[in-house]
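Dropping target_12.cif in here (mmCIF, C-alpha atoms):
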```cif
data_start
#
loop_
_atom_site.group_PDB
_atom_site.id
_atom_site.type_symbol
_atom_site.label_atom_id
_atom_site.label_comp_id
_atom_site.auth_asym_id
_atom_site.auth_seq_id
_atom_site.Cartn_x
_atom_site.Cartn_y
_atom_site.Cartn_z
ATOM 1 C CA MET A 1 -102.047 106.989 118.086
ATOM 2 C CA PRO A 2 -103.017 110.360 116.551
ATOM 3 C CA MET A 3 -100.984 113.406 117.575
ATOM 4 C CA PRO A 4 -101.463 117.085 116.683
ATOM 5 C CA PRO A 5 -99.094 118.261 113.930
ATOM 6 C CA GLU A 6 -97.391 120.817 116.159
ATOM 7 C CA ALA A 7 -96.606 118.195 118.834
ATOM 8 C CA ARG A 8 -93.061 116.931 119.175
ATOM 9 C CA LEU A 9 -92.027 113.317 118.887
ATOM 10 C CA LEU A 10 -91.042 113.561 122.537
ATOM 11 C CA ASP A 11 -94.657 114.512 123.346
ATOM 12 C CA ALA A 12 -95.775 111.362 121.557
ATOM 13 C CA LEU A 13 -93.401 109.241 123.634
ATOM 14 C CA GLU A 14 -94.641 110.932 126.819
ATOM 15 C CA THR A 15 -98.248 110.270 125.759
ATOM 16 C CA ILE A 16 -97.510 106.608 125.108
ATOM 17 C CA LYS A 17 -95.882 106.289 128.530
ATOM 18 C CA ALA A 18 -98.681 108.163 130.306
ATOM 19 C CA ASP A 19 -101.721 106.707 128.548
ATOM 20 C CA HIS A 20 -100.788 103.420 126.884
ATOM 21 C CA ASP A 21 -97.711 101.684 128.281
ATOM 22 C CA SER A 22 -96.109 102.948 131.452
ATOM 23 C CA SER A 23 -93.287 100.443 131.080
ATOM 24 C CA LEU A 24 -91.880 102.241 128.029
ATOM 25 C CA ALA A 25 -88.304 103.358 128.729
ATOM 26 C CA PHE A 26 -86.696 106.307 126.976
ATOM 27 C CA ARG A 27 -84.295 109.080 127.939
ATOM 28 C CA ARG A 28 -85.212 112.734 128.136
ATOM 29 C CA SER A 29 -83.996 115.682 130.108
ATOM 30 C CA CYS A 30 -84.092 119.261 128.833
ATOM 31 C CA GLY A 31 -86.667 118.752 126.098
ATOM 32 C CA HIS A 32 -85.193 121.647 124.137
ATOM 33 C CA GLY A 33 -82.385 120.194 122.037
ATOM 34 C CA VAL A 34 -79.599 121.019 124.467
ATOM 35 C CA CYS A 35 -78.870 117.887 126.496
ATOM 36 C CA GLY A 36 -78.932 115.324 123.672
ATOM 37 C CA SER A 37 -80.646 112.675 125.807
ATOM 38 C CA CYS A 38 -83.632 111.904 123.596
ATOM 39 C CA ALA A 39 -81.803 110.861 120.409
ATOM 40 C CA VAL A 40 -83.673 108.022 118.692
ATOM 41 C CA ARG A 41 -83.845 106.395 115.283
ATOM 42 C CA VAL A 42 -87.036 107.200 113.384
ATOM 43 C CA ASN A 43 -87.746 105.444 110.097
ATOM 44 C CA GLY A 44 -84.042 104.798 109.647
ATOM 45 C CA ARG A 45 -82.787 108.291 110.519
ATOM 46 C CA ASN A 46 -81.308 109.499 113.800
ATOM 47 C CA MET A 47 -82.864 112.584 115.339
ATOM 48 C CA LEU A 48 -83.700 114.269 118.636
ATOM 49 C CA ALA A 49 -87.263 113.466 119.712
ATOM 50 C CA CYS A 50 -87.580 116.915 121.304
ATOM 51 C CA ARG A 51 -86.725 118.755 118.085
ATOM 52 C CA THR A 52 -88.843 116.676 115.733
ATOM 53 C CA LEU A 53 -92.373 117.821 115.003
ATOM 54 C CA MET A 54 -95.060 115.296 114.134
ATOM 55 C CA LYS A 55 -95.971 117.305 111.022
ATOM 56 C CA ASP A 56 -92.503 116.542 109.634
ATOM 57 C CA LEU A 57 -92.998 112.812 110.012
ATOM 58 C CA PRO A 58 -95.083 110.419 107.902
ATOM 59 C CA HIS A 59 -98.423 109.052 109.066
ATOM 60 C CA GLU A 60 -96.840 105.886 110.425
ATOM 61 C CA ILE A 61 -93.449 105.946 112.111
ATOM 62 C CA ARG A 62 -91.089 103.341 113.488
ATOM 63 C CA ILE A 63 -89.066 104.461 116.508
ATOM 64 C CA GLU A 64 -85.971 102.470 117.426
ATOM 65 C CA PRO A 65 -83.034 102.908 119.802
ATOM 66 C CA LEU A 66 -79.838 104.360 118.313
ATOM 67 C CA ARG A 67 -77.842 101.758 116.430
ATOM 68 C CA GLY A 68 -74.230 101.045 117.239
ATOM 69 C CA PHE A 69 -74.821 101.036 120.986
ATOM 70 C CA PRO A 70 -75.925 98.126 123.202
ATOM 71 C CA VAL A 71 -79.639 98.407 123.975
ATOM 72 C CA MET A 72 -80.391 98.479 127.687
ATOM 73 C CA ARG A 73 -84.169 98.646 127.436
ATOM 74 C CA ASP A 74 -86.672 99.906 124.840
ATOM 75 C CA LEU A 75 -85.162 103.174 123.527
ATOM 76 C CA VAL A 76 -82.423 103.411 126.138
ATOM 77 C CA VAL A 77 -78.931 102.525 124.935
ATOM 78 C CA ASP A 78 -75.687 102.061 126.853
ATOM 79 C CA MET A 79 -73.449 105.004 125.947
ATOM 80 C CA ASP A 80 -70.559 104.162 128.291
ATOM 81 C CA GLY A 81 -68.327 103.103 125.382
ATOM 82 C CA PHE A 82 -69.191 106.295 123.548
ATOM 83 C CA PHE A 83 -67.967 108.417 126.458
ATOM 84 C CA VAL A 84 -64.875 106.254 127.008
ATOM 85 C CA LYS A 85 -63.907 107.071 123.398
ATOM 86 C CA HIS A 86 -64.393 110.756 124.162
ATOM 87 C CA ASP A 87 -62.078 110.428 127.144
ATOM 88 C CA ALA A 88 -59.410 108.944 124.864
ATOM 89 C CA VAL A 89 -59.028 112.219 122.928
ATOM 90 C CA LEU A 90 -58.474 114.416 126.027
ATOM 91 C CA PRO A 91 -61.792 116.280 125.767
ATOM 92 C CA TYR A 92 -60.715 119.213 127.907
ATOM 93 C CA LEU A 93 -58.442 122.225 127.682
ATOM 94 C CA VAL A 94 -54.786 121.394 128.370
ATOM 95 C CA ASN A 95 -52.570 124.339 129.172
ATOM 96 C CA ASP A 96 -49.718 124.156 131.672
ATOM 97 C CA GLU A 97 -48.640 127.743 131.205
ATOM 98 C CA PRO A 98 -48.925 130.065 134.226
ATOM 99 C CA LEU A 99 -52.460 131.222 134.843
ATOM 100 C CA PRO A 100 -53.194 134.727 133.584
ATOM 101 C CA GLU A 101 -54.607 137.329 135.937
ATOM 102 C CA ARG A 102 -58.001 137.022 134.321
ATOM 103 C CA GLU A 103 -59.245 134.664 131.571
ATOM 104 C CA ARG A 104 -57.229 133.265 128.651
ATOM 105 C CA LEU A 105 -58.146 135.631 125.858
ATOM 106 C CA GLN A 106 -58.995 134.695 122.298
ATOM 107 C CA SER A 107 -59.298 136.897 119.245
ATOM 108 C CA GLN A 108 -62.560 136.979 117.306
ATOM 109 C CA ALA A 109 -60.973 134.867 114.539
ATOM 110 C CA GLU A 110 -59.664 132.298 117.027
ATOM 111 C CA GLN A 111 -63.091 132.013 118.639
ATOM 112 C CA GLU A 112 -64.780 131.573 115.260
ATOM 113 C CA ARG A 113 -62.592 128.542 114.528
ATOM 114 C CA ILE A 114 -64.237 126.624 117.387
ATOM 115 C CA LEU A 115 -67.733 128.102 117.250
ATOM 116 C CA GLU A 116 -69.152 125.224 115.229
ATOM 117 C CA PRO A 117 -67.749 122.218 117.137
ATOM 118 C CA ILE A 118 -68.544 123.655 120.576
ATOM 119 C CA ILE A 119 -72.282 123.409 119.886
ATOM 120 C CA CYS A 120 -72.022 119.600 119.842
ATOM 121 C CA ILE A 121 -74.367 118.172 122.484
ATOM 122 C CA MET A 122 -72.913 114.645 122.326
ATOM 123 C CA CYS A 123 -76.279 113.065 121.550
ATOM 124 C CA GLY A 124 -74.577 110.229 119.654
ATOM 125 C CA CYS A 125 -76.624 110.658 116.444
ATOM 126 C CA CYS A 126 -73.444 110.998 114.368
ATOM 127 C CA SER A 127 -71.556 108.001 115.721
ATOM 128 C CA SER A 128 -74.683 105.876 115.647
ATOM 129 C CA SER A 129 -75.343 106.686 111.988
ATOM 130 C CA CYS A 130 -71.748 105.994 110.917
ATOM 131 C CA PRO A 131 -71.539 102.533 109.298
ATOM 132 C CA ILE A 132 -67.862 102.236 110.269
ATOM 133 C CA TYR A 133 -68.669 102.936 113.922
ATOM 134 C CA GLY A 134 -71.304 100.215 113.843
ATOM 135 C CA ALA A 135 -68.963 97.697 112.216
ATOM 136 C CA ASP A 136 -65.756 98.465 114.122
ATOM 137 C CA GLY A 137 -66.135 98.602 117.876
ATOM 138 C CA GLU A 138 -62.665 100.119 118.295
ATOM 139 C CA TYR A 139 -63.212 103.095 115.976
ATOM 140 C CA LEU A 140 -63.294 106.363 117.929
ATOM 141 C CA GLY A 141 -66.202 107.604 115.841
ATOM 142 C CA PRO A 142 -67.193 111.002 114.491
ATOM 143 C CA SER A 143 -68.258 112.451 117.832
ATOM 144 C CA ALA A 144 -64.924 111.819 119.588
ATOM 145 C CA LEU A 145 -62.993 112.977 116.513
ATOM 146 C CA LEU A 146 -65.053 116.168 116.430
ATOM 147 C CA LYS A 147 -64.217 116.726 120.080
ATOM 148 C CA ALA A 148 -60.521 116.270 119.272
ATOM 149 C CA ALA A 149 -60.840 118.752 116.387
ATOM 150 C CA ARG A 150 -62.558 121.236 118.706
ATOM 151 C CA PHE A 151 -59.615 121.308 121.144
ATOM 152 C CA ILE A 152 -56.904 121.047 118.486
ATOM 153 C CA SER A 153 -58.439 124.171 116.889
ATOM 154 C CA ASP A 154 -58.541 125.999 120.220
ATOM 155 C CA SER A 155 -55.843 128.685 120.406
ATOM 156 C CA ARG A 156 -55.664 128.317 124.212
ATOM 157 C CA ASP A 157 -54.905 124.596 124.121
ATOM 158 C CA ARG A 158 -51.345 123.263 124.210
ATOM 159 C CA ALA A 159 -51.928 119.519 123.686
ATOM 160 C CA GLY A 160 -52.801 119.619 119.982
ATOM 161 C CA GLY A 161 -49.854 117.434 118.959
ATOM 162 C CA ARG A 162 -50.531 114.842 121.668
ATOM 163 C CA ARG A 163 -54.217 114.803 120.781
ATOM 164 C CA LEU A 164 -53.444 114.486 117.078
ATOM 165 C CA ASP A 165 -51.193 111.494 117.796
ATOM 166 C CA LYS A 166 -54.067 109.854 119.650
ATOM 167 C CA VAL A 167 -56.545 110.285 116.803
ATOM 168 C CA SER A 168 -54.017 109.368 114.087
ATOM 169 C CA GLY A 169 -53.861 105.742 115.233
ATOM 170 C CA PRO A 170 -55.445 102.793 113.447
ATOM 171 C CA ASP A 171 -58.789 103.321 115.223
ATOM 172 C CA GLY A 172 -58.969 107.024 114.564
ATOM 173 C CA LEU A 173 -59.034 109.413 111.630
ATOM 174 C CA TRP A 174 -58.201 106.973 108.867
ATOM 175 C CA ARG A 175 -61.264 104.834 109.547
ATOM 176 C CA CYS A 176 -63.430 107.745 108.345
ATOM 177 C CA HIS A 177 -64.276 107.221 104.680
ATOM 178 C CA GLY A 178 -66.153 110.462 104.096
ATOM 179 C CA ILE A 179 -69.601 108.895 103.967
ATOM 180 C CA PHE A 180 -71.304 112.048 105.382
ATOM 181 C CA GLU A 181 -73.900 110.087 107.366
ATOM 182 C CA CYS A 182 -72.733 111.921 110.498
ATOM 183 C CA VAL A 183 -73.293 115.299 108.839
ATOM 184 C CA GLU A 184 -76.688 114.215 107.544
ATOM 185 C CA SER A 185 -77.864 113.100 110.976
ATOM 186 C CA CYS A 186 -76.347 115.812 113.205
ATOM 187 C CA PRO A 187 -79.286 117.701 114.786
ATOM 188 C CA LYS A 188 -77.032 120.748 115.162
ATOM 189 C CA GLY A 189 -75.904 120.753 111.540
ATOM 190 C CA ILE A 190 -72.195 120.472 112.379
ATOM 191 C CA ASP A 191 -69.812 119.773 109.503
ATOM 192 C CA ILE A 192 -68.270 116.741 111.219
ATOM 193 C CA THR A 193 -66.790 115.126 108.104
ATOM 194 C CA GLY A 194 -65.204 118.448 107.170
ATOM 195 C CA ARG A 195 -63.595 118.706 110.604
ATOM 196 C CA ILE A 196 -62.296 115.128 110.388
ATOM 197 C CA SER A 197 -60.891 115.845 106.900
ATOM 198 C CA GLY A 198 -59.168 118.890 108.401
ATOM 199 C CA LEU A 199 -57.591 116.661 111.062
ATOM 200 C CA LYS A 200 -56.429 114.250 108.356
ATOM 201 C CA ARG A 201 -54.672 117.067 106.512
ATOM 202 C CA LEU A 202 -53.129 118.226 109.781
ATOM 203 C CA ALA A 203 -51.905 114.696 110.566
ATOM 204 C CA VAL A 204 -50.337 114.370 107.104
ATOM 205 C CA LYS A 205 -48.721 117.780 107.471
ATOM 206 C CA LYS A 206 -47.345 116.797 110.860
ATOM 207 C CA ALA A 207 -45.976 113.498 109.508
ATOM 208 C CA PHE A 208 -44.183 115.245 106.631
ATOM 209 C CA SER A 209 -42.832 118.049 108.779
ATOM 210 C CA GLY A 210 -41.266 115.696 111.280
ATOM 211 C CA GLY A 211 -43.938 116.303 113.901
ATOM 212 C CA LYS A 212 -43.470 120.061 114.030
ATOM 213 C CA SER A 213 -46.950 121.251 113.038
ATOM 214 C CA THR A 214 -49.775 121.890 115.579
ATOM 215 C CA MET B 1 -93.068 112.450 104.800
ATOM 216 C CA THR B 2 -92.549 116.185 104.610
ATOM 217 C CA GLY B 3 -89.524 117.635 106.370
ATOM 218 C CA ILE B 4 -87.466 114.598 107.291
ATOM 219 C CA ARG B 5 -85.938 112.106 104.904
ATOM 220 C CA ALA B 6 -85.951 108.410 105.641
ATOM 221 C CA GLY B 7 -83.781 105.392 104.950
ATOM 222 C CA ILE B 8 -80.405 105.077 103.253
ATOM 223 C CA SER B 9 -78.867 108.298 101.968
ATOM 224 C CA GLY B 10 -77.152 108.642 98.601
ATOM 225 C CA TYR B 11 -73.824 109.049 100.390
ATOM 226 C CA LEU B 12 -74.138 105.699 102.126
ATOM 227 C CA ALA B 13 -75.141 104.109 98.812
ATOM 228 C CA ALA B 14 -72.089 105.711 97.156
ATOM 229 C CA TRP B 15 -69.844 104.319 99.888
ATOM 230 C CA ALA B 16 -71.324 100.826 99.446
ATOM 231 C CA LEU B 17 -70.960 101.099 95.659
ATOM 232 C CA HIS B 18 -67.316 102.092 96.100
ATOM 233 C CA ARG B 19 -66.645 98.936 98.127
ATOM 234 C CA ILE B 20 -68.530 96.690 95.714
ATOM 235 C CA THR B 21 -66.761 98.098 92.645
ATOM 236 C CA GLY B 22 -63.417 97.878 94.466
ATOM 237 C CA ILE B 23 -63.952 94.186 95.192
ATOM 238 C CA ALA B 24 -65.135 93.627 91.599
ATOM 239 C CA LEU B 25 -61.995 95.278 90.221
ATOM 240 C CA THR B 26 -59.773 93.151 92.475
ATOM 241 C CA LEU B 27 -61.500 89.976 91.261
ATOM 242 C CA TYR B 28 -61.230 91.204 87.684
ATOM 243 C CA LEU B 29 -57.472 91.651 88.078
ATOM 244 C CA PHE B 30 -57.072 88.014 89.072
ATOM 245 C CA GLY B 31 -59.179 86.917 86.095
ATOM 246 C CA HIS B 32 -57.200 89.198 83.817
ATOM 247 C CA MET B 33 -53.884 87.807 85.044
ATOM 248 C CA TYR B 34 -55.182 84.260 84.581
ATOM 249 C CA MET B 35 -56.230 84.956 81.001
ATOM 250 C CA ARG B 36 -52.971 86.753 80.209
ATOM 251 C CA SER B 37 -50.864 84.013 81.821
ATOM 252 C CA GLY B 38 -51.328 81.791 78.770
ATOM 253 C CA ALA B 39 -53.331 79.164 80.601
ATOM 254 C CA TYR B 40 -56.448 80.224 78.717
ATOM 255 C CA GLY B 41 -54.820 80.275 75.255
ATOM 256 C CA SER B 42 -54.207 83.440 73.241
ATOM 257 C CA SER B 43 -56.494 82.469 70.335
ATOM 258 C CA ALA B 44 -59.302 81.647 72.781
ATOM 259 C CA ILE B 45 -58.909 85.109 74.341
ATOM 260 C CA GLY B 46 -59.191 86.784 70.945
ATOM 261 C CA GLU B 47 -62.302 84.809 70.035
ATOM 262 C CA THR B 48 -63.989 85.493 73.358
ATOM 263 C CA MET B 49 -63.205 89.185 73.520
ATOM 264 C CA SER B 50 -64.080 90.068 69.909
ATOM 265 C CA GLY B 51 -67.615 88.682 70.193
ATOM 266 C CA SER B 52 -70.682 90.181 71.847
ATOM 267 C CA VAL B 53 -69.825 88.550 75.166
ATOM 268 C CA GLY B 54 -66.412 90.220 75.171
ATOM 269 C CA LYS B 55 -67.913 93.598 74.334
ATOM 270 C CA PHE B 56 -70.484 93.270 77.092
ATOM 271 C CA ALA B 57 -67.687 92.310 79.497
ATOM 272 C CA ASP B 58 -65.640 95.354 78.459
ATOM 273 C CA ILE B 59 -68.639 97.675 78.830
ATOM 274 C CA PHE B 60 -69.379 96.179 82.253
ATOM 275 C CA LEU B 61 -65.759 96.696 83.256
ATOM 276 C CA LEU B 62 -65.873 100.274 81.989
ATOM 277 C CA GLY B 63 -68.941 100.893 84.168
ATOM 278 C CA ILE B 64 -67.222 99.525 87.251
ATOM 279 C CA VAL B 65 -64.004 101.474 86.614
ATOM 280 C CA THR B 66 -65.891 104.718 85.901
ATOM 281 C CA ALA B 67 -68.040 104.423 89.028
ATOM 282 C CA HIS B 68 -65.056 103.571 91.226
ATOM 283 C CA ALA B 69 -62.780 106.251 89.785
ATOM 284 C CA LEU B 70 -65.220 109.145 89.919
ATOM 285 C CA ASN B 71 -66.557 108.197 93.328
ATOM 286 C CA GLY B 72 -62.985 107.980 94.585
ATOM 287 C CA LEU B 73 -62.166 111.335 93.032
ATOM 288 C CA ARG B 74 -65.143 112.862 94.838
ATOM 289 C CA VAL B 75 -63.936 111.526 98.200
ATOM 290 C CA VAL B 76 -60.362 112.682 97.507
ATOM 291 C CA MET B 77 -61.635 116.188 96.708
ATOM 292 C CA HIS B 78 -63.321 116.328 100.109
ATOM 293 C CA ASP B 79 -60.153 115.021 101.775
ATOM 294 C CA LEU B 80 -58.183 117.754 100.041
ATOM 295 C CA GLY B 81 -60.494 120.448 101.338
ATOM 296 C CA ALA B 82 -63.622 120.648 99.167
ATOM 297 C CA PRO B 83 -66.231 122.015 101.629
ATOM 298 C CA THR B 84 -68.865 119.634 102.916
ATOM 299 C CA ARG B 85 -71.600 122.007 101.714
ATOM 300 C CA PHE B 86 -70.583 121.058 98.154
ATOM 301 C CA ARG B 87 -71.169 117.364 98.788
ATOM 302 C CA LYS B 88 -74.398 117.251 96.825
ATOM 303 C CA PRO B 89 -73.114 119.140 93.742
ATOM 304 C CA LEU B 90 -69.970 116.993 93.795
ATOM 305 C CA MET B 91 -72.035 113.827 94.055
ATOM 306 C CA VAL B 92 -74.339 114.878 91.214
ATOM 307 C CA GLY B 93 -71.364 116.094 89.157
ATOM 308 C CA ALA B 94 -69.503 112.810 89.626
ATOM 309 C CA ALA B 95 -72.608 110.820 88.686
ATOM 310 C CA MET B 96 -73.249 112.908 85.567
ATOM 311 C CA ALA B 97 -69.598 112.864 84.467
ATOM 312 C CA GLY B 98 -69.551 109.107 85.070
ATOM 313 C CA PHE B 99 -72.662 108.601 83.000
ATOM 314 C CA VAL B 100 -71.300 110.658 80.070
ATOM 315 C CA LEU B 101 -67.911 108.903 80.152
ATOM 316 C CA PHE B 102 -69.593 105.526 80.398
ATOM 317 C CA ALA B 103 -71.967 106.268 77.511
ATOM 318 C CA LEU B 104 -69.154 107.525 75.245
ATOM 319 C CA GLY B 105 -66.878 104.636 76.188
ATOM 320 C CA ALA B 106 -69.589 102.012 75.761
ATOM 321 C CA ARG B 107 -70.454 103.454 72.350
ATOM 322 C CA SER B 108 -66.810 103.261 71.294
ATOM 323 C CA ILE B 109 -66.451 99.684 72.521
ATOM 324 C CA TRP B 110 -69.642 98.515 70.857
ATOM 325 C CA TRP B 111 -69.216 100.160 67.453
ATOM 326 C CA CYS B 112 -65.491 100.557 66.977
ATOM 327 C CA CYS B 113 -63.823 97.421 68.349
ATOM 328 C CA GLY B 114 -63.547 93.847 67.344
#
```

Please render this file's structure as structure tokens.
Amino acid sequence: MPMPPEARLLDALETIKADHDSSLAFRRSCGHGVCGSCAVRVNGRNMLACRTLMKDLPHEIRIEPLRGFPVMRDLVVDMDGFFVKHDAVLPYLVNDEPLPERERLQSQAEQERILEPIICIMCGCCSSSCPIYGADGEYLGPSALLKAARFISDSRDRAGGRRLDKVSGPDGLWRCHGIFECVESCPKGIDITGRISGLKRLAVKKAFSGGKST
Amino acid sequence: MTGIRAGISGYLAAWALHRITGIALTLYLFGHMYMRSGAYGSSAIGETMSGSVGKFADIFLLGIVTAHALNGLRVVMHDLGAPTRFRKPLMVGAAMAGFVLFALGARSIWWCCG
């Protein structure tokens, strides 16, 4: 099926559904690289269909559902387990201190520490591309670990130690072997392996300081 | 393909190589202990290892050890804080250093021993 070079892969999927096979199932929502719904595997690499131009793809392409997740139908995968693993790392701000009159302030430097991980759209490209995630169903995966790193690095959060204990278990940090597949496949270019390595150093520091760090 | 790469990345291949060489080294250790236990005979060891077969075996072992050690060193450097943006230079550097060490070591084994 020929497509113009400036068309997106998502346009191609829409064209297939509209003109060739209306039974084709795939996810899409924003169409602008923000929601993370349209992540698919193309010629062995994970990417967002809405951010991939046809001119950047070869003449013939093979589109598959993301690996590492149960396939529900066509390109639609079941991501329940993925989100359950996110829940395990407390993916929200924890702060029991009295509420300030206005917002909880951060300095410029404190904000910059979380600028990179907060752009994660939880598309699942990273976890899907991780060979450990695919082989070990219990492994939290790069996405959940990145989420943990995001809140542990947040100056307003007060559950860093608790969160670090959660990700330091046998199914967490130490299952990451620094393969960089998550970094290679992240459509937002987030340094996920670097963040996980940072958590590893923090966990070691905490262990050797008797649990006093973070 | 223009802008997007396909298939297995070098990093995944390096990870697989690390596992394969790790398993090979573990198996080698058992073989080594068997030969050193006396069950094989000390004169038989000398004869085997001084010939071409022994030299090839040593060179093969050197290749496995070099690949495993330098790949491991690369991963450790990242764990210790080497930025992810240096992953390609570190990978290329480890491969080149491994190749040079292997070539020098193999040359020494082939020409100087036995």

* Can you tell me how far CA of Asp87 in chain A sits from CA of Arg45 in chain A, in Å to one decimal? ->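 So the two atoms, CA of Asp87 in chain A and CA of Arg45 in chain A, lie 26.6 Å apart.
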
* Exactly which residues make up the result of the PyMOL selection byres ((chain A and resi 158) around 7) on this file, given as a list in words? -> Val94, Asn95, Arg156, Asp157, Ala159 and Gly160 of chain A

What do you get, as a PDB file with C-alpha atoms, in the frame of the given file, if you spell out every residue that the PyMOL selection byres ((chain A and resi 76) around 10) selects here?
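The file below, expr36.pdb, is the result:
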```pdb
ATOM      1  CA  LEU A  24     -91.880 102.241 128.029  1.00  0.00           C
ATOM      2  CA  ALA A  25     -88.304 103.358 128.729  1.00  0.00           C
ATOM      3  CA  PHE A  26     -86.696 106.307 126.976  1.00  0.00           C
ATOM      4  CA  ARG A  27     -84.295 109.080 127.939  1.00  0.00           C
ATOM      5  CA  ARG A  28     -85.212 112.734 128.136  1.00  0.00           C
ATOM      6  CA  SER A  37     -80.646 112.675 125.807  1.00  0.00           C
ATOM      7  CA  CYS A  38     -83.632 111.904 123.596  1.00  0.00           C
ATOM      8  CA  ALA A  39     -81.803 110.861 120.409  1.00  0.00           C
ATOM      9  CA  VAL A  40     -83.673 108.022 118.692  1.00  0.00           C
ATOM     10  CA  GLU A  64     -85.971 102.470 117.426  1.00  0.00           C
ATOM     11  CA  PRO A  65     -83.034 102.908 119.802  1.00  0.00           C
ATOM     12  CA  LEU A  66     -79.838 104.360 118.313  1.00  0.00           C
ATOM     13  CA  PHE A  69     -74.821 101.036 120.986  1.00  0.00           C
ATOM     14  CA  PRO A  70     -75.925  98.126 123.202  1.00  0.00           C
ATOM     15  CA  VAL A  71     -79.639  98.407 123.975  1.00  0.00           C
ATOM     16  CA  MET A  72     -80.391  98.479 127.687  1.00  0.00           C
ATOM     17  CA  ARG A  73     -84.169  98.646 127.436  1.00  0.00           C
ATOM     18  CA  ASP A  74     -86.672  99.906 124.840  1.00  0.00           C
ATOM     19  CA  LEU A  75     -85.162 103.174 123.527  1.00  0.00           C
ATOM     20  CA  VAL A  77     -78.931 102.525 124.935  1.00  0.00           C
ATOM     21  CA  ASP A  78     -75.687 102.061 126.853  1.00  0.00           C
ATOM     22  CA  MET A  79     -73.449 105.004 125.947  1.00  0.00           C
TER      23      MET A  79
END
```

* Shell around range 107-115 of chain A at 12 Å using all atoms listed in the file, local window under 6 positions removed, as a list in words -> Leu146, Lys147, Ala148, Ala149, Arg150, Phe151, Ile152, Ser153, Asp154, Ser155, Arg156, Asp157, Ile190, Asp191, Arg195 and Gly198 of chain A

Keeping only C-alpha atoms, take the residues you just selected and write them out as an mmCIF file, in the frame of the given file.
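Produced file out_14.cif, reproduced below:
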```cif
data_model
loop_
_atom_site.group_PDB
_atom_site.id
_atom_site.type_symbol
_atom_site.label_atom_id
_atom_site.label_comp_id
_atom_site.auth_asym_id
_atom_site.auth_seq_id
_atom_site.Cartn_x
_atom_site.Cartn_y
_atom_site.Cartn_z
ATOM 1 C CA LEU A 146 -65.053 116.168 116.430
ATOM 2 C CA LYS A 147 -64.217 116.726 120.080
ATOM 3 C CA ALA A 148 -60.521 116.270 119.272
ATOM 4 C CA ALA A 149 -60.840 118.752 116.387
ATOM 5 C CA ARG A 150 -62.558 121.236 118.706
ATOM 6 C CA PHE A 151 -59.615 121.308 121.144
ATOM 7 C CA ILE A 152 -56.904 121.047 118.486
ATOM 8 C CA SER A 153 -58.439 124.171 116.889
ATOM 9 C CA ASP A 154 -58.541 125.999 120.220
ATOM 10 C CA SER A 155 -55.843 128.685 120.406
ATOM 11 C CA ARG A 156 -55.664 128.317 124.212
ATOM 12 C CA ASP A 157 -54.905 124.596 124.121
ATOM 13 C CA ILE A 190 -72.195 120.472 112.379
ATOM 14 C CA ASP A 191 -69.812 119.773 109.503
ATOM 15 C CA ARG A 195 -63.595 118.706 110.604
ATOM 16 C CA GLY A 198 -59.168 118.890 108.401
#
```

* To do: Evaluate the PyMOL selection byres ((chain A and resi 201) around 12) here and jot the selected residues down as a ChimeraX atom specification.
  => /A:149,164,168,173-174,194-200,202-208,213-214 /B:76,78-81

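The smallest atom-to-atom distance between chain B and any of A:Thr52, A:Asp21, A:Pro58, A:Pro91, using all atoms listed in the file, is found for A:Pro58.
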
* Leaving out Ile20 in chain B and any residue of its chain fewer than 5 positions from it, which residues lie within 9 Å of it when counting all atoms listed in the file, given as a PyMOL selection string? -> chain B and resi 15+25+68

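The residue that comes closest to chain A, out of B:Ala39, B:Ala57, B:Met49, B:Met77 and on the basis of only C-alpha atoms, is B:Met77.
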
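Reported to one decimal place, the separation of CA of Pro187 in chain A from CA of Lys17 in chain A is 24.4 Å.
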
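Restricting the calculation to only C-alpha atoms, the smallest distance between chain A and any of B:Asn71, B:Ser9, B:Thr66, B:Ser43 is found for B:Ser9.
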
* Could you pull the residues within 10 Å of Arg62 in chain A, counting only C-alpha atoms, minus those fewer than 2 positions along the same chain, as a PyMOL selection string? -> chain A and resi 41-44+58+60+64

* Asked: Of the candidates A:Glu97, A:Glu138, A:Glu184, A:Asp56, which one gets nearest to Ala7 in chain A if we count only C-alpha atoms?
  ->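 Selected residue with least distance to Ala7 in chain A: A:Asp56.
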